[in-house]
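K.L.:
Quick one, target-v8.cif (mmCIF, C-alpha atoms):
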data_query
loop_
_atom_site.label_atom_id
_atom_site.label_comp_id
_atom_site.auth_asym_id
_atom_site.auth_seq_id
_atom_site.Cartn_x
_atom_site.Cartn_y
_atom_site.Cartn_z
CA MET U 1 78.50 60.10 48.24
CA LYS U 2 81.67 62.16 47.98
CA LEU U 3 80.48 64.43 50.79
CA VAL U 4 79.62 61.44 53.00
CA SER U 5 83.10 60.08 52.47
CA ILE U 6 84.71 63.37 53.43
CA LEU U 7 82.56 63.66 56.54
CA SER U 8 83.39 60.10 57.51
CA ILE U 9 87.08 60.85 57.29
CA VAL U 10 86.68 64.03 59.42
CA VAL U 11 84.58 62.23 62.06
CA CYS U 12 87.00 59.32 62.22
CA GLY U 13 89.98 61.67 62.55
CA ALA U 14 88.34 63.61 65.35
CA SER U 15 87.34 60.42 67.13
CA SER U 16 90.91 59.17 66.98
CA ILE U 17 92.14 62.36 68.61
CA VAL U 18 89.51 62.15 71.35
CA VAL U 19 90.18 58.46 71.98
CA GLY U 20 93.89 59.18 72.07
CA CYS U 21 93.37 61.86 74.67
CA VAL U 22 91.13 59.77 76.85
CA SER U 23 93.11 56.59 76.92
CA GLY U 24 96.07 58.87 77.27
CA GLY U 25 99.57 59.19 76.17
CA PRO U 26 102.07 58.82 78.99
CA VAL U 27 101.66 61.20 81.94
CA PRO U 28 104.40 63.82 81.68
CA ALA U 29 107.07 63.21 84.30
CA ASP U 30 106.92 66.85 85.43
CA LYS U 31 103.26 66.46 86.52
CA LEU U 32 104.21 63.60 88.80
CA ALA U 33 107.23 65.48 90.10
CA ARG U 34 105.28 68.71 90.68
CA SER U 35 102.56 66.91 92.64
CA GLU U 36 105.12 65.12 94.75
CA ALA U 37 107.05 68.33 95.41
CA ALA U 38 103.87 70.17 96.42
CA VAL U 39 102.90 67.44 98.87
CA ARG U 40 106.42 67.41 100.33
CA GLY U 41 106.46 71.21 100.54
CA ALA U 42 103.17 71.24 102.49
CA GLN U 43 104.56 68.63 104.88
CA GLU U 44 107.77 70.60 105.39
CA ILE U 45 106.07 73.85 106.33
CA GLY U 46 104.06 71.97 108.96
CA ALA U 47 100.62 71.80 107.32
CA GLU U 48 99.85 68.86 109.59
CA ARG U 49 99.86 71.17 112.61
CA ASN U 50 97.08 73.31 111.11
CA ALA U 51 93.58 71.75 111.12
CA ASP U 52 92.59 72.93 107.62
CA GLY U 53 96.10 72.44 106.26
CA ALA U 54 96.15 68.87 107.56
CA ARG U 55 92.82 68.14 105.91
CA TYR U 56 93.95 69.36 102.48
CA LEU U 57 97.32 67.66 102.83
CA GLN U 58 95.63 64.37 103.60
CA THR U 59 93.44 64.74 100.50
CA ALA U 60 96.50 65.62 98.39
CA ARG U 61 98.36 62.54 99.63
CA ALA U 62 95.42 60.28 98.79
CA GLU U 63 95.05 61.84 95.32
CA PHE U 64 98.78 61.57 94.66
CA ALA U 65 98.84 57.89 95.70
CA GLU U 66 95.81 57.09 93.53
CA GLY U 67 97.27 59.07 90.60
CA LYS U 68 100.53 57.14 90.79
CA LYS U 69 98.62 53.86 90.86
CA LEU U 70 96.62 54.85 87.76
CA VAL U 71 99.82 55.80 85.92
CA ILE U 72 101.06 52.25 86.44
CA GLU U 73 97.69 50.87 85.35
CA GLY U 74 97.81 52.98 82.17
CA GLU U 75 94.83 55.20 83.06
CA GLN U 76 96.70 58.27 81.98
CA VAL U 77 93.87 60.81 81.71
CA ARG U 78 92.43 60.05 85.11
CA ALA U 79 95.95 59.86 86.55
CA THR U 80 96.79 63.32 85.18
CA SER U 81 93.63 64.80 86.67
CA LEU U 82 94.35 63.27 90.06
CA LEU U 83 97.94 64.49 90.05
CA LEU U 84 96.78 68.02 89.20
CA ARG U 85 94.19 67.84 91.96
CA ALA U 86 96.86 66.60 94.40
CA GLU U 87 99.11 69.52 93.48
CA ALA U 88 96.28 72.03 93.93
CA ASP U 89 95.27 70.55 97.30
CA ALA U 90 98.86 70.47 98.54
CA GLU U 91 99.41 74.10 97.51
CA LEU U 92 96.21 75.10 99.28
CA ALA U 93 97.40 73.26 102.41
CA MET U 94 100.67 75.16 102.20
CA ASN U 95 99.09 78.60 101.70
CA ILE U 96 96.49 78.06 104.41
CA THR U 97 99.24 77.12 106.87
CA ARG U 98 101.34 80.13 105.88
CA GLU U 99 98.28 82.35 106.23
CA ALA U 100 97.58 81.09 109.77
CA THR U 101 101.23 81.48 110.80
CA ALA U 102 101.51 84.99 109.36
CA ILE U 103 98.28 86.14 111.00
CA ALA U 104 99.39 84.74 114.38
CA ASP U 105 102.83 86.40 114.05
CA ALA U 106 101.29 89.75 113.15
CA GLN U 107 98.89 89.49 116.08
CA LYS U 108 101.74 88.67 118.46
CA THR U 109 103.79 91.65 117.31
CA ARG U 110 100.75 93.93 117.64
CA ASN U 111 100.23 92.58 121.19
CA ASP U 112 103.90 93.27 121.99
CA VAL U 113 103.44 96.86 120.80
CA ARG U 114 100.29 97.29 122.88
CA ASN U 115 101.88 95.79 126.02
CA LEU U 116 105.00 97.91 125.66
CA ARG U 117 102.88 101.04 125.22
CA LEU U 118 100.93 100.15 128.38
CA SER U 119 104.08 99.46 130.40
CA MET U 120 105.63 102.75 129.24
CA LYS U 121 102.45 104.61 130.13
CA GLY U 122 102.44 102.91 133.55
CA GLY U 123 106.06 103.94 134.08
CA ASN U 124 107.29 100.39 134.74
CA MET V 125 72.12 62.30 45.45
CA GLU V 126 70.98 65.88 46.01
CA ARG V 127 68.14 64.71 48.19
CA SER V 128 70.37 62.60 50.39
CA THR V 129 72.77 65.53 50.87
CA LYS V 130 69.90 67.74 51.99
CA MET V 131 68.72 65.08 54.38
CA PHE V 132 72.20 64.75 55.87
CA CYS V 133 72.55 68.49 56.34
CA LEU V 134 69.18 68.68 58.05
CA ALA V 135 70.12 65.85 60.37
CA LEU V 136 73.44 67.52 61.20
CA THR V 137 71.76 70.85 61.96
CA ALA V 138 69.24 69.15 64.20
CA ALA V 139 71.98 67.29 66.07
CA THR V 140 73.98 70.48 66.60
CA ALA V 141 70.93 72.38 67.85
CA THR V 142 70.13 69.56 70.25
CA THR V 143 73.68 69.66 71.62
CA PHE V 144 73.54 73.43 72.18
CA LEU V 145 70.17 73.22 73.84
CA ALA V 146 71.43 70.47 76.12
CA CYS V 147 74.44 72.59 77.11
CA ALA V 148 72.35 75.66 77.76
CA SER V 149 69.89 73.87 79.95
CA THR V 150 72.44 71.78 81.95
CA ALA V 151 73.13 73.19 85.42
CA PRO V 152 76.84 73.59 86.28
CA PRO V 153 78.28 70.94 88.62
CA ARG V 154 78.78 71.79 92.29
CA GLU V 155 82.57 71.97 91.76
CA LEU V 156 82.16 74.71 89.14
CA LYS V 157 79.76 76.69 91.32
CA ASP V 158 82.28 76.45 94.18
CA ALA V 159 85.08 77.55 91.87
CA ARG V 160 83.13 80.62 90.69
CA VAL V 161 82.40 81.69 94.28
CA ALA V 162 85.99 80.99 95.42
CA TYR V 163 87.37 83.07 92.54
CA GLN V 164 85.00 85.97 93.33
CA VAL V 165 86.15 85.91 96.96
CA ALA V 166 89.83 85.84 95.96
CA ALA V 167 89.54 88.55 93.32
CA SER V 168 87.48 90.91 95.47
CA ASN V 169 89.94 90.76 98.41
CA PRO V 170 91.28 94.31 98.88
CA GLY V 171 94.81 92.90 99.13
CA ALA V 172 94.48 90.71 96.02
CA VAL V 173 97.09 92.80 94.25
CA ARG V 174 99.71 91.32 96.61
CA ALA V 175 99.13 87.85 95.12
CA GLN V 176 98.33 89.08 91.62
CA ALA V 177 100.03 86.15 89.85
CA ASP V 178 98.13 83.59 91.92
CA VAL V 179 94.79 85.34 91.32
CA ALA V 180 95.55 85.42 87.58
CA ASP V 181 96.43 81.71 87.65
CA ALA V 182 93.14 81.00 89.43
CA LYS V 183 91.31 82.94 86.71
CA ARG V 184 92.99 80.93 83.92
CA SER V 185 92.08 77.77 85.76
CA LEU V 186 88.44 78.89 86.10
CA ASP V 187 88.36 79.77 82.37
CA ARG V 188 89.55 76.25 81.53
CA ALA V 189 86.81 74.78 83.73
CA GLU V 190 84.17 77.01 82.09
CA ALA V 191 85.40 75.94 78.66
CA ALA V 192 85.21 72.29 79.65
CA PHE V 193 81.70 72.87 80.99
CA ALA V 194 80.67 74.47 77.70
CA ASP V 195 82.17 71.52 75.86
CA ASP V 196 80.81 68.74 78.03
CA PRO V 197 78.91 69.86 81.13
CA SER V 198 78.79 66.53 82.90
CA SER V 199 82.24 65.16 82.13
CA ASP V 200 84.82 64.15 84.70
CA MET V 201 87.15 66.66 83.03
CA THR V 202 84.74 69.51 83.80
CA ARG V 203 84.47 68.46 87.42
CA ASP V 204 88.23 67.98 87.83
CA LEU V 205 89.10 71.32 86.24
CA SER V 206 86.44 73.03 88.37
CA TYR V 207 87.82 71.38 91.50
CA ILE V 208 91.35 72.54 90.64
CA ALA V 209 90.07 76.07 89.85
CA SER V 210 88.33 76.20 93.20
CA ARG V 211 91.50 75.12 95.04
CA LYS V 212 93.66 77.61 93.16
CA ALA V 213 91.23 80.44 93.98
CA SER V 214 91.24 79.48 97.67
CA SER V 215 95.01 79.25 97.54
CA ALA V 216 95.25 82.75 96.05
CA ARG V 217 92.95 84.07 98.79
CA ALA V 218 95.06 82.43 101.54
CA LYS V 219 98.28 83.75 100.00
CA THR V 220 96.81 87.27 99.81
CA ASN V 221 95.89 87.10 103.49
CA ALA V 222 99.33 85.75 104.41
CA LEU V 223 101.10 88.55 102.52
CA THR V 224 98.78 91.15 104.08
CA ALA V 225 99.54 89.76 107.56
CA LEU V 226 103.28 89.82 106.81
CA GLU V 227 103.07 93.50 105.91
CA GLU V 228 101.08 94.23 109.06
CA LYS V 229 103.67 92.38 111.11
CA LYS V 230 106.48 94.33 109.46
CA ALA V 231 104.76 97.63 110.28
CA ALA V 232 104.16 96.53 113.89
CA ALA V 233 107.80 95.41 114.19
CA VAL V 234 109.00 98.85 113.05
CA GLU V 235 106.75 100.43 115.68
CA LEU V 236 108.01 97.99 118.31
CA THR V 237 111.64 98.81 117.55
CA ALA V 238 110.95 102.53 117.85
CA LEU V 239 109.09 102.01 121.13
CA ARG V 240 111.92 99.90 122.56
CA ALA V 241 114.42 102.61 121.65
CA GLU V 242 112.23 105.19 123.34
CA GLN V 243 111.87 102.97 126.40
CA ALA V 244 115.64 102.46 126.61
CA LYS V 245 116.09 106.23 126.42
CA GLN V 246 113.56 106.78 129.19
CA GLN V 247 115.19 104.13 131.38
CA ALA V 248 118.63 105.65 130.84
CA ALA V 249 117.26 109.06 131.82
CA GLN V 250 115.62 107.56 134.91
CA ARG V 251 118.88 105.82 135.87
CA GLY V 252 120.69 109.15 135.49
CA GLU V 253 118.13 110.94 137.68
CA LEU V 254 118.35 108.18 140.28
CA ALA V 255 122.12 108.37 140.32
CA ASP V 256 121.98 112.15 140.72
CA SER V 257 119.50 111.86 143.54
CA ARG V 258 121.57 109.14 145.27
CA SER V 259 124.69 111.22 144.92
CA GLN V 260 122.89 114.24 146.38
CA LEU V 261 121.62 112.16 149.30
CA ALA V 262 125.10 110.79 149.94
CA SER V 263 126.56 114.31 149.93
CA GLU V 264 123.90 115.50 152.33
CA ARG V 265 124.50 112.54 154.63
CA GLN V 266 128.22 113.12 154.55
CA ALA V 267 127.76 116.80 155.38
CA ARG V 268 125.43 115.94 158.26
CA VAL V 269 127.84 113.39 159.71
CA ALA V 270 130.66 115.93 159.47
CA ALA V 271 128.56 118.61 161.21
CA GLU V 272 127.56 116.21 163.97
CA GLN V 273 131.15 115.21 164.52
CA LYS V 274 132.16 118.84 164.69
CA THR V 275 129.45 119.53 167.31
CA ARG V 276 130.47 116.45 169.27
CA ASP V 277 134.14 117.50 169.20
CA ALA V 278 133.28 121.02 170.30
CA LEU V 279 131.04 119.84 173.13
CA ALA V 280 133.53 117.24 174.32
CA THR V 281 135.87 120.04 175.34
CA ILE V 282 133.28 121.54 177.72
CA ALA V 283 133.89 120.41 181.28
CA GLY V 284 131.04 118.75 183.15
CA MET V 285 129.18 117.82 179.97
CA LYS V 286 128.72 114.30 178.63
CA ALA V 287 127.73 113.63 175.04
CA ALA V 288 126.14 110.37 173.91
CA ASP V 289 124.21 109.22 170.84
CA SER V 290 120.66 107.97 171.25
CA ASP V 291 117.73 107.13 168.99
CA ARG V 292 116.50 110.69 169.30
CA GLY V 293 119.88 112.23 168.49
CA LEU V 294 122.94 113.56 170.28
CA VAL V 295 122.23 113.85 174.01
CA LEU V 296 124.31 116.27 176.11
CA THR V 297 123.96 115.66 179.81
CA LEU V 298 124.82 118.37 182.35
CA SER V 299 124.83 117.63 186.02
CA GLY V 300 122.20 119.56 187.99
CA SER V 301 124.77 120.56 190.58
CA VAL V 302 126.86 122.27 187.88
CA LEU V 303 123.91 124.31 186.64
CA PHE V 304 121.72 125.08 189.65
CA ALA V 305 121.84 125.47 193.42
CA THR V 306 119.79 122.86 195.33
CA GLY V 307 116.03 123.35 194.82
CA LYS V 308 116.57 126.38 192.54
CA SER V 309 116.00 126.99 188.88
CA VAL V 310 118.30 129.93 188.34
CA LEU V 311 121.47 129.18 186.41
CA LEU V 312 124.75 129.50 188.29
CA PRO V 313 127.25 131.93 186.71
CA SER V 314 129.72 129.10 186.04
CA ALA V 315 126.97 127.22 184.23
CA GLN V 316 126.34 130.18 181.96
CA THR V 317 129.93 130.06 180.73
CA ARG V 318 129.65 126.37 179.87
CA LEU V 319 126.25 126.76 178.24
CA GLY V 320 127.59 129.71 176.24
CA GLU V 321 130.31 127.52 174.78
CA ALA V 322 127.79 124.74 174.05
CA ALA V 323 125.42 127.23 172.40
CA LYS V 324 128.13 128.25 169.91
CA ALA V 325 128.59 124.64 168.81
CA MET V 326 124.83 124.01 168.65
CA LYS V 327 124.22 127.14 166.58
CA GLU V 328 126.56 125.81 163.91
CA ASP V 329 124.98 122.36 164.07
CA GLY V 330 121.54 123.74 163.18
CA ARG V 331 119.45 120.87 164.52
CA SER V 332 116.27 121.33 166.59
CA ILE V 333 116.90 121.15 170.32
CA THR V 334 114.89 119.80 173.22
CA VAL V 335 115.96 120.65 176.76
CA VAL V 336 114.72 118.10 179.31
CA GLY V 337 114.99 118.68 183.06
CA HIS V 338 115.23 115.73 185.50
CA THR V 339 115.22 115.55 189.33
CA ASP V 340 115.96 112.90 191.94
CA SER V 341 113.14 111.33 193.96
CA THR V 342 113.48 113.65 196.92
CA GLY V 343 110.27 115.69 197.46
CA SER V 344 106.86 115.34 195.91
CA ASP V 345 106.25 114.33 192.33
CA GLU V 346 104.44 117.57 191.67
CA LEU V 347 107.26 119.69 192.99
CA ASN V 348 109.85 117.69 191.08
CA GLN V 349 107.82 118.04 187.88
CA LYS V 350 107.64 121.80 188.33
CA LEU V 351 111.31 122.10 189.24
CA SER V 352 112.45 119.99 186.29
CA LEU V 353 110.41 122.07 183.85
CA ALA V 354 111.58 125.35 185.40
CA ARG V 355 115.22 124.28 185.07
CA ALA V 356 114.67 123.17 181.44
CA GLU V 357 113.03 126.53 180.72
CA ALA V 358 115.98 128.36 182.32
CA VAL V 359 118.47 126.52 180.12
CA ARG V 360 116.28 127.08 177.01
CA ALA V 361 116.00 130.81 177.74
CA TYR V 362 119.75 131.06 178.07
CA LEU V 363 120.40 129.22 174.82
CA VAL V 364 117.92 131.45 172.96
CA LYS V 365 119.62 134.44 174.50
CA GLN V 366 122.88 133.12 173.05
CA GLY V 367 121.37 133.27 169.55
CA LEU V 368 119.70 129.93 169.00
CA PRO V 369 116.36 130.35 167.17
CA ALA V 370 113.51 130.27 169.73
CA ASP V 371 111.33 128.09 167.52
CA HIS V 372 114.11 125.50 167.33
CA VAL V 373 114.46 125.08 171.07
CA LYS V 374 111.79 123.64 173.36
CA ALA V 375 111.74 122.71 177.04
CA GLU V 376 110.27 119.68 178.81
CA GLY V 377 110.11 118.65 182.47
CA ALA V 378 110.50 114.93 183.14
CA GLY V 379 110.37 115.21 186.96
CA GLU V 380 111.76 112.20 188.77
CA GLY V 381 110.27 109.75 186.24
CA GLN V 382 113.39 108.90 184.22
CA PRO V 383 116.19 108.13 186.70
CA ILE V 384 119.54 106.97 185.34
CA ALA V 385 120.92 105.91 188.74
CA ASP V 386 119.76 104.58 192.11
CA ASN V 387 117.93 107.26 194.14
CA ALA V 388 118.79 105.37 197.37
CA THR V 389 122.38 106.66 197.36
CA ALA V 390 123.66 110.23 197.44
CA GLU V 391 125.78 109.60 194.35
CA GLY V 392 122.81 108.12 192.47
CA ARG V 393 120.59 111.06 193.35
CA ALA V 394 123.32 113.48 192.18
CA ASN V 395 123.41 111.71 188.80
CA ASN V 396 119.63 111.80 188.47
CA ARG V 397 119.56 115.57 189.00
CA ARG V 398 120.45 116.64 185.51
CA VAL V 399 119.53 118.53 182.39
CA GLU V 400 119.69 116.88 179.01
CA ILE V 401 120.05 118.89 175.83
CA ILE V 402 118.95 116.72 172.90
CA LEU V 403 120.04 117.68 169.38
CA GLU V 404 117.21 115.98 167.53
CA ASN V 405 117.88 113.76 164.53
CA ALA V 406 116.16 114.82 161.37
CA THR V 407 112.94 112.85 160.96
CA HIS V 408 113.69 111.80 157.29
#
Rewrite the coordinates I just gave you, this time as structure tokens.

P.N.:
Amino acid sequence: MKLVSILSIVVCGASSIVVGCVSGGPVPADKLARSEAAVRGAQEIGAERNADGARYLQTARAEFAEGKKLVIEGEQVRATSLLLRAEADAELAMNITREATAIADAQKTRNDVRNLRLSMKGGN
Amino acid sequence: MERSTKMFCLALTAATATTFLACASTAPPRELKDARVAYQVAASNPGAVRAQADVADAKRSLDRAEAAFADDPSSDMTRDLSYIASRKASSARAKTNALTALEEKKAAAVELTALRAEQAKQQAAQRGELADSRSQLASERQARVAAEQKTRDALATIAGMKAADSDRGLVLTLSGSVLFATGKSVLLPSAQTRLGEAAKAMKEDGRSITVVGHTDSTGSDELNQKLSLARAEAVRAYLVKQGLPADHVKAEGAGEGQPIADNATAEGRANNRRVEIILENATH
């Protein structure tokens, strides 16, 4: 009987922790701010002008909007997940855009080198 | 009491075993599979060291997703963490590629700068060569003009000789009556003196010379052709005798074909009977 009582206490304690996590404490303000900053950063570097970047940015915006809505509705766990997803999508949009820009810049400089070499060889 | 404890322990063991078996047999969600592949791609990129921190972050993220999967394979948490891990791995891969491209661009820019410097050097050298060549041409032209003027001045002092510029060069015209007796092609003694003076000036000038004989329209064409050539030859022979190089002096007979005055008058015919000495312009 004593053992049953102890186990009951342990199970109840663990359940309380789990329930607490799921229904959520408040979403930390920095999660909201980091998601928002990531979305803004992706916009500022011009992710919308890159096809893949635009796609991930759009997803990030939708996730951020939904996350904010869930924060207000008190769905803290789901809100936190969505805000983290928004941040990850926005960062991917940013890095994909930077990647495309850097590759294009490198290619242009290599072309300039090749053209200059040709013109010097041709004596122009 | 003892029996119930045993029963409880057995039940607990069975429940735990069931949970483990369920975990082991549950297939990972699509998000986790994607995350594993995305991490492998990011980590195996030869340039991954450039975005080391991002690759490490992606690994931590994947570990969290794996832990969530082990804990509860079908939970939203597992799927969300897997999704985030997948995005972070793709992000690390993109950042690696961006940093690699930046380094490639930097190397190409260094090469471009060196090439531009080399090109500027080559262009400066070419400009220098061009300037030298232009200056040399200008000097040569100036010297030629001076020599021509000197020849013209010298020839202008010779009586009975007219000098005029033409497309072919400087043309000296000597009246036939000054050089030859009527119908003859032997130089008169007075003509030899004048031609001697002209020869001195022409020797200094150095240009190639063409002597062209002309007649008036009196007599047959054939005779006039022969006479004009014979007179040109006589003048050429005299000039060569005076020291002009033989291969620089040639003779031509134009006959009556190139009159400069009216053959109907005595004065016109006198003007048409002539010998022209042409100091040829250089062909370049």

K.L.:
Quick one: everything within 7 Å of Lys286 of chain V, counting only C-alpha atoms, minus sequence neighbours fewer than 5 positions away in the same chain. Send it as JSON, numbers by chain.

P.N.:
{"V": [296, 297, 298]}

K.L.:
Give me, as a PyMOL selection string, the contact residues of chain V against chain U at a cut-off of 7 Å, counting only C-alpha atoms.

P.N.:
chain V and resi 204+208+211-212+214-215+218-219+221-222+225-226+228-229+232-233+236+243

K.L.:
What does the PyMOL selection byres ((chain V and resi 352-354) around 9) select in this file, as a list of chain:residue names?

P.N.:
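Taken over the shown coordinates, the PyMOL selection byres ((chain V and resi 352-354) around 9) returns V:Lys308, V:Ser309, V:Val310, V:Val336, V:Gly337, V:His338, V:Thr339, V:Leu347, V:Asn348, V:Gln349, V:Lys350, V:Leu351, V:Arg355, V:Ala356, V:Glu357, V:Ala358, V:Val359, V:Ala375, V:Glu376, V:Gly377, V:Ala378, V:Gly379, V:Glu380, V:Arg397, V:Arg398, V:Val399.
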
K.L.:
With the PyMOL selection byres ((chain V and resi 177) around 12) as the selection, what would be picked from this file? Answer as a list in words, please.

P.N.:
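Expected selection for the PyMOL selection byres ((chain V and resi 177) around 12) here is Ala166, Ala167, Ala172, Val173, Arg174, Ala175, Gln176, Asp178, Val179, Ala180, Asp181, Ala182, Lys183, Arg184, Lys212, Ala213, Ser215, Ala216, Arg217, Lys219 and Thr220 of chain V.
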
K.L.:
If I take atom CA of Glu400 of chain V and atom CA of Arg360 of chain V, how far is one from the other in Å, to one decimal?

P.N.:
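Atom CA of Arg360 of chain V lies 10.9 Å from atom CA of Glu400 of chain V.
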
K.L.:
What is the distance between atom CA of Gly252 of chain V and atom CA of Asn405 of chain V, in Å to one decimal?

P.N.:
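Those two atoms sit 29.5 Å apart.
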
K.L.:
Expressed in Å to a single decimal, how great is the separation between atom CA of Arg160 of chain V and atom CA of Ala189 of chain V?

P.N.:
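Going from atom CA of Arg160 of chain V over to atom CA of Ala189 of chain V, I get 9.8 Å.
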
K.L.:
Calculated over all atoms listed in the file, which of the candidates U:Arg34, U:Arg55, U:Lys121, U:Arg49 has the smallest distance to Leu83 of chain U?

P.N.:
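Residue with the minimum atom-to-atom distance to Leu83 of chain U: U:Arg34.
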
K.L.:
For Asp340 of chain V, please output as number ranges by chain all residues within 10 Å (counting all atoms listed in the file; exclusion window: fewer than 3 positions along the same chain).

P.N.:
V: 300, 343, 345, 348, 352, 379-388, 390, 392-398

K.L.:
Give as a PyMOL selection string every residue, naming chains and numbers as the document does, that has an atom within 10 Å of (103.9, 68.6, 103.7), counting all atoms listed in the file.

P.N.:
chain U and resi 36-48+53-54+57-58+60-61+90-91+93-94

K.L.:
Write out, as a PDB file, keeping the file's coordinate frame, the residues just selected, with C-alpha atoms.

P.N.:
ATOM      1  CA  GLU U  36     105.120  65.120  94.750  1.00  0.00           C
ATOM      2  CA  ALA U  37     107.050  68.330  95.410  1.00  0.00           C
ATOM      3  CA  ALA U  38     103.870  70.170  96.420  1.00  0.00           C
ATOM      4  CA  VAL U  39     102.900  67.440  98.870  1.00  0.00           C
ATOM      5  CA  ARG U  40     106.420  67.410 100.330  1.00  0.00           C
ATOM      6  CA  GLY U  41     106.460  71.210 100.540  1.00  0.00           C
ATOM      7  CA  ALA U  42     103.170  71.240 102.490  1.00  0.00           C
ATOM      8  CA  GLN U  43     104.560  68.630 104.880  1.00  0.00           C
ATOM      9  CA  GLU U  44     107.770  70.600 105.390  1.00  0.00           C
ATOM     10  CA  ILE U  45     106.070  73.850 106.330  1.00  0.00           C
ATOM     11  CA  GLY U  46     104.060  71.970 108.960  1.00  0.00           C
ATOM     12  CA  ALA U  47     100.620  71.800 107.320  1.00  0.00           C
ATOM     13  CA  GLU U  48      99.850  68.860 109.590  1.00  0.00           C
ATOM     14  CA  GLY U  53      96.100  72.440 106.260  1.00  0.00           C
ATOM     15  CA  ALA U  54      96.150  68.870 107.560  1.00  0.00           C
ATOM     16  CA  LEU U  57      97.320  67.660 102.830  1.00  0.00           C
ATOM     17  CA  GLN U  58      95.630  64.370 103.600  1.00  0.00           C
ATOM     18  CA  ALA U  60      96.500  65.620  98.390  1.00  0.00           C
ATOM     19  CA  ARG U  61      98.360  62.540  99.630  1.00  0.00           C
ATOM     20  CA  ALA U  90      98.860  70.470  98.540  1.00  0.00           C
ATOM     21  CA  GLU U  91      99.410  74.100  97.510  1.00  0.00           C
ATOM     22  CA  ALA U  93      97.400  73.260 102.410  1.00  0.00           C
ATOM     23  CA  MET U  94     100.670  75.160 102.200  1.00  0.00           C
TER      24      MET U  94
END

K.L.:
With a distance cut-off of 10 Å and only C-alpha atoms, select the neighbouring residues of Val71 of chain U, excluding the residue or stretch itself and same-chain residues fewer than 4 positions from it, and output the selection as a PyMOL selection string.

P.N.:
chain U and resi 24+26-27+32+66-67+75-80+83

K.L.:
Every residue with an atom at most 12 Å from (127.1, 112.8, 173.8) (file coordinates; only C-alpha atoms) is what I'm after, so could you write them as a short mmCIF file (atom, residue, chain, number, x, y, z; two decimals) with C-alpha atoms, keeping the file's coordinate frame?

P.N.:
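Writing the result to out.cif gives the following:
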data_model
loop_
_atom_site.label_atom_id
_atom_site.label_comp_id
_atom_site.auth_asym_id
_atom_site.auth_seq_id
_atom_site.Cartn_x
_atom_site.Cartn_y
_atom_site.Cartn_z
CA GLU V 272 127.56 116.21 163.97
CA GLN V 273 131.15 115.21 164.52
CA THR V 275 129.45 119.53 167.31
CA ARG V 276 130.47 116.45 169.27
CA ASP V 277 134.14 117.50 169.20
CA ALA V 278 133.28 121.02 170.30
CA LEU V 279 131.04 119.84 173.13
CA ALA V 280 133.53 117.24 174.32
CA THR V 281 135.87 120.04 175.34
CA ILE V 282 133.28 121.54 177.72
CA GLY V 284 131.04 118.75 183.15
CA MET V 285 129.18 117.82 179.97
CA LYS V 286 128.72 114.30 178.63
CA ALA V 287 127.73 113.63 175.04
CA ALA V 288 126.14 110.37 173.91
CA ASP V 289 124.21 109.22 170.84
CA SER V 290 120.66 107.97 171.25
CA ASP V 291 117.73 107.13 168.99
CA ARG V 292 116.50 110.69 169.30
CA GLY V 293 119.88 112.23 168.49
CA LEU V 294 122.94 113.56 170.28
CA VAL V 295 122.23 113.85 174.01
CA LEU V 296 124.31 116.27 176.11
CA THR V 297 123.96 115.66 179.81
CA LEU V 298 124.82 118.37 182.35
CA ALA V 322 127.79 124.74 174.05
CA GLU V 400 119.69 116.88 179.01
CA ILE V 401 120.05 118.89 175.83
CA ILE V 402 118.95 116.72 172.90
CA LEU V 403 120.04 117.68 169.38
#
